[in-house]
$ cat entry-v2.txt   # compact mmCIF, C-alpha atoms
# COMPACT_ATOMS: atom_id res chain seq x y z
CA MET A 1 79.55 121.02 105.44
CA SER A 2 83.04 120.56 106.86
CA GLU A 3 84.62 117.14 107.16
CA GLN A 4 84.50 115.78 110.69
CA ARG A 5 86.43 112.95 112.29
CA PRO A 6 85.02 112.18 115.77
CA PRO A 7 85.86 112.19 118.52
CA LEU A 8 86.26 115.95 118.45
CA PRO A 9 88.31 118.16 120.75
CA PRO A 10 88.39 119.05 123.55
CA PHE A 11 89.54 115.55 124.43
CA THR A 12 88.88 113.57 127.57
CA ARG A 13 91.02 110.59 128.52
CA GLU A 14 88.38 108.30 127.00
CA THR A 15 88.08 110.21 123.71
CA ALA A 16 91.88 110.58 123.42
CA ILE A 17 92.22 106.80 123.76
CA GLN A 18 89.51 106.36 121.09
CA LYS A 19 91.41 108.72 118.77
CA VAL A 20 94.68 106.82 119.30
CA ARG A 21 93.06 103.45 118.64
CA ALA A 22 91.34 104.77 115.51
CA ALA A 23 94.70 106.00 114.21
CA GLU A 24 96.33 102.65 114.99
CA ASP A 25 93.55 100.74 113.24
CA GLY A 26 93.78 103.00 110.20
CA TRP A 27 97.54 102.65 109.86
CA ASN A 28 97.34 98.88 110.33
CA GLY A 29 94.92 98.80 107.39
CA ARG A 30 97.73 100.20 105.20
CA ASN A 31 95.35 102.07 102.88
CA ALA A 32 97.10 105.40 102.31
CA GLU A 33 94.09 107.14 100.75
CA ARG A 34 91.85 106.14 103.65
CA VAL A 35 94.43 107.07 106.30
CA ALA A 36 94.95 110.50 104.71
CA LEU A 37 91.27 111.35 105.32
CA ALA A 38 92.07 111.69 109.03
CA TYR A 39 94.27 114.72 108.25
CA THR A 40 93.38 118.24 107.16
CA GLN A 41 93.83 119.10 103.48
CA ASP A 42 96.88 121.21 104.44
CA SER A 43 98.16 118.97 107.25
CA TYR A 44 101.82 119.46 108.17
CA TRP A 45 104.05 116.50 109.08
CA ARG A 46 107.56 115.97 110.27
CA ASN A 47 108.29 112.26 110.07
CA ARG A 48 111.89 111.60 111.06
CA SER A 49 113.74 113.93 108.66
CA THR A 50 110.93 114.11 106.09
CA PHE A 51 108.63 117.13 105.96
CA LEU A 52 105.23 116.84 104.27
CA ARG A 53 102.38 119.22 103.53
CA GLY A 54 98.89 118.11 102.53
CA ARG A 55 97.06 114.90 101.80
CA ALA A 56 98.67 114.20 98.41
CA GLU A 57 102.15 114.16 99.97
CA ILE A 58 100.89 112.06 102.89
CA ILE A 59 99.41 109.48 100.50
CA ALA A 60 102.61 109.23 98.45
CA PHE A 61 104.69 108.93 101.62
CA LEU A 62 102.51 106.18 103.12
CA GLN A 63 102.33 104.19 99.88
CA ALA A 64 106.13 104.18 99.64
CA LYS A 65 106.45 103.32 103.35
CA TRP A 66 104.16 100.30 103.16
CA ASN A 67 105.80 99.09 99.95
CA ARG A 68 109.13 99.00 101.87
CA GLU A 69 107.91 97.94 105.31
CA LEU A 70 106.38 94.51 104.76
CA GLU A 71 104.09 92.70 107.22
CA TYR A 72 103.76 96.03 109.05
CA ARG A 73 102.03 95.80 112.44
CA LEU A 74 101.68 98.83 114.74
CA ILE A 75 100.63 99.45 118.33
CA LYS A 76 100.00 103.01 119.58
CA GLU A 77 99.50 103.98 123.22
CA LEU A 78 98.26 107.25 124.70
CA TRP A 79 100.98 109.14 126.54
CA ALA A 80 99.31 112.50 127.28
CA PHE A 81 96.55 114.80 126.00
CA SER A 82 95.15 118.29 126.32
CA GLU A 83 92.24 120.12 124.71
CA ASN A 84 93.23 119.58 121.05
CA ARG A 85 96.55 117.76 121.36
CA ILE A 86 97.51 114.13 121.88
CA ALA A 87 100.93 112.60 122.48
CA VAL A 88 101.45 108.91 121.78
CA ARG A 89 104.23 106.42 121.97
CA PHE A 90 104.28 103.58 119.52
CA ALA A 91 106.14 100.59 118.21
CA TYR A 92 105.77 98.71 114.96
CA GLU A 93 107.37 95.65 113.42
CA TYR A 94 108.10 94.95 109.79
CA HIS A 95 110.59 93.28 107.50
CA ASP A 96 112.30 94.51 104.37
CA ASP A 97 112.34 92.75 101.00
CA SER A 98 115.44 90.80 102.10
CA GLY A 99 113.63 89.33 105.10
CA ASN A 100 115.41 91.46 107.71
CA TRP A 101 113.10 92.25 110.66
CA PHE A 102 112.91 95.55 112.53
CA ARG A 103 111.05 97.07 115.43
CA ALA A 104 110.61 100.82 115.21
CA TYR A 105 109.97 102.81 118.39
CA GLY A 106 108.78 106.37 118.54
CA ASN A 107 106.75 109.24 119.83
CA GLU A 108 104.23 111.38 118.00
CA ASN A 109 102.71 114.72 118.88
CA TRP A 110 99.38 115.47 117.23
CA GLU A 111 97.36 118.69 116.96
CA PHE A 112 93.74 118.63 115.78
CA ASP A 113 91.39 121.20 114.31
CA GLN A 114 87.88 121.75 115.68
CA ASN A 115 86.52 119.04 113.33
CA GLY A 116 88.78 116.32 114.75
CA LEU A 117 91.12 116.25 111.74
CA MET A 118 94.83 116.16 112.49
CA HIS A 119 96.44 119.40 111.42
CA LYS A 120 99.98 118.76 112.66
CA ARG A 121 101.95 115.57 113.24
CA PHE A 122 105.50 115.41 114.57
CA ALA A 123 107.08 111.93 114.70
CA SER A 124 110.43 110.85 116.11
CA ILE A 125 111.32 107.24 115.29
CA ASN A 126 114.21 104.84 115.88
CA ASP A 127 114.62 101.48 114.13
CA LEU A 128 116.08 98.45 115.87
CA PRO A 129 117.05 95.33 113.90
CA ILE A 130 115.48 92.25 115.50
CA LYS A 131 115.51 88.52 114.82
CA GLU A 132 112.28 87.04 113.55
CA SER A 133 112.15 85.02 116.79
CA GLU A 134 112.09 88.33 118.77
CA ARG A 135 108.85 89.53 117.20
CA LYS A 136 106.03 90.39 119.60
CA PHE A 137 103.23 91.55 117.28
CA PHE A 138 101.16 88.70 115.89
CA TRP A 139 97.70 89.12 114.46
CA ASP A 140 95.99 88.58 111.14
CA GLN A 141 96.96 91.38 108.76
CA THR A 142 93.47 91.56 107.27
CA GLY A 143 92.13 93.41 110.31
CA PRO A 144 93.01 95.62 113.26
CA ARG A 145 94.90 94.46 116.32
CA PRO A 146 92.53 92.28 118.36
CA ALA A 147 91.16 93.86 121.53
CA ASP A 148 92.76 91.12 123.65
CA HIS A 149 96.26 91.59 122.16
CA PRO A 150 98.69 93.08 124.71
CA GLU A 151 99.39 96.82 124.70
CA LEU A 152 102.94 98.23 124.58
CA SER A 153 103.13 98.48 128.37
CA ASP A 154 101.94 94.88 128.73
CA LEU A 155 104.72 93.77 126.37
CA GLY A 156 107.39 95.64 128.30
CA LEU A 157 107.97 98.03 125.43
$ encode --input "entry-v2.txt" --output "structure tokens"
Amino acid sequence: MSEQRPPLPPFTRETAIQKVRAAEDGWNGRNAERVALAYTQDSYWRNRSTFLRGRAEIIAFLQAKWNRELEYRLIKELWAFSENRIAVRFAYEYHDDSGNWFRAYGNENWEFDQNGLMHKRFASINDLPIKESERKFFWDQTGPRPADHPELSDLGL
């Protein structure tokens, strides 16, 4: 039996929002092996200027990312969708090992196979240094963003 990751395409607005929130929750969990299960075995990524192919490369990439980007907190928001594609905008905050804080902004384009696994991911991201006092993302890192936490649009981002 093939792996499945509901909701499956074709997406409705409701199922696209569910897919986006599931991705956000997974990434906020910072478990690279678990996150990689949302992607096809041969998934193709462009993340900034890095190009990846397959789950093993995705896992290595995410482990390195979350070792560098400390206290990582991410919010994703649906931008657009079609039958098997979703576009999101996102922002995340983190600090480096010297205590310098950043907010990264970006857009992602996702393409899914018939089983709801992401086959292609294209991410464009810009980092902005911020002061710790300028942070906007506050929630316990042991779980997902609380349902009552503001969305990007609510935060003016």
$ closest_residue --input "entry-v2.txt" --among "A:Phe90, A:Phe81, A:Phe112, A:Tyr72" --to "Leu152 of chain A" --atoms "all atoms listed in the file"
A:Phe90
$ residues_around --input "entry-v2.txt" --residues "Pro144 of chain A" --least-positions-apart "5" --cutoff "8 Å" --atoms "all atoms listed in the file" --output "ChimeraX atom specification"
/A:24-25,28-29
$ write_last_selection --input "entry-v2.txt" --atoms "C-alpha atoms" --output "compact mmCIF listing (two decimals), in the coordinates of the input"
# COMPACT_ATOMS: atom_id res chain seq x y z
CA GLU A 24 96.33 102.65 114.99
CA ASP A 25 93.55 100.74 113.24
CA ASN A 28 97.34 98.88 110.33
CA GLY A 29 94.92 98.80 107.39
$ atom_distance --input "entry-v2.txt" --atom1 "atom CA of Ala104 of chain A" --atom2 "atom CA of Thr15 of chain A"
25.8 Å
$ axis_aligned_box --input "entry-v2.txt" --around "segment 52-56 of chain A" --padding-each-side "3 Å" --output "AutoDock Vina command-line options"
--center_x 101.1 --center_y 116.7 --center_z 101.3 --size_x 14.2 --size_y 11.0 --size_z 11.9
$ atom_distance --input "entry-v2.txt" --atom1 "atom CA of Thr142 of chain A" --atom2 "atom CA of Ser98 of chain A"
22.6 Å
$ closest_residue --input "entry-v2.txt" --among "A:Glu77, A:Asp140, A:Glu71, A:Asp42" --to "Ala23 of chain A" --atoms "all atoms listed in the file"
A:Glu77
$ closest_residue --input "entry-v2.txt" --among "A:Leu62, A:Leu117, A:Ala80, A:Leu128" --to "Trp27 of chain A" --atoms "all atoms listed in the file"
A:Leu62
$ closest_residue --input "entry-v2.txt" --among "A:Ala16, A:Leu155, A:Ile130, A:Ala56" --to "Gly99 of chain A" --atoms "all atoms listed in the file"
A:Ile130
$ residues_around --input "entry-v2.txt" --residues "Asn67 of chain A" --least-positions-apart "3" --cutoff "12 Å" --atoms "only C-alpha atoms" --output "list of chain:residue names"
A:Arg30, A:Asn31, A:Ala32, A:Ala60, A:Phe61, A:Leu62, A:Gln63, A:Ala64, A:Leu70, A:Glu71, A:Tyr72, A:Tyr94, A:His95, A:Asp96, A:Asp97
$ closest_residue --input "entry-v2.txt" --among "A:Ser49, A:Phe102, A:Ser153, A:Arg55" --to "Arg68 of chain A" --atoms "all atoms listed in the file"
A:Phe102
$ closest_residue --input "entry-v2.txt" --among "A:Arg53, A:Arg121, A:Arg46, A:His149" --to "Ala87 of chain A" --atoms "only C-alpha atoms"
A:Arg121
$ atom_distance --input "entry-v2.txt" --atom1 "atom CA of Gly106 of chain A" --atom2 "atom CA of Glu14 of chain A"
22.2 Å
$ residues_around --input "entry-v2.txt" --residues "Arg48 of chain A" --least-positions-apart "2" --cutoff "10 Å" --atoms "all atoms listed in the file" --output "ChimeraX atom specification"
/A:45-46,50-51,106,122-126
$ residues_near_point --input "entry-v2.txt" --point "(88.6, 120.7, 121.9)" --cutoff "8 Å" --atoms "only C-alpha atoms" --output "MDAnalysis selection string"
chainID A and resid 8:11 83:84 114
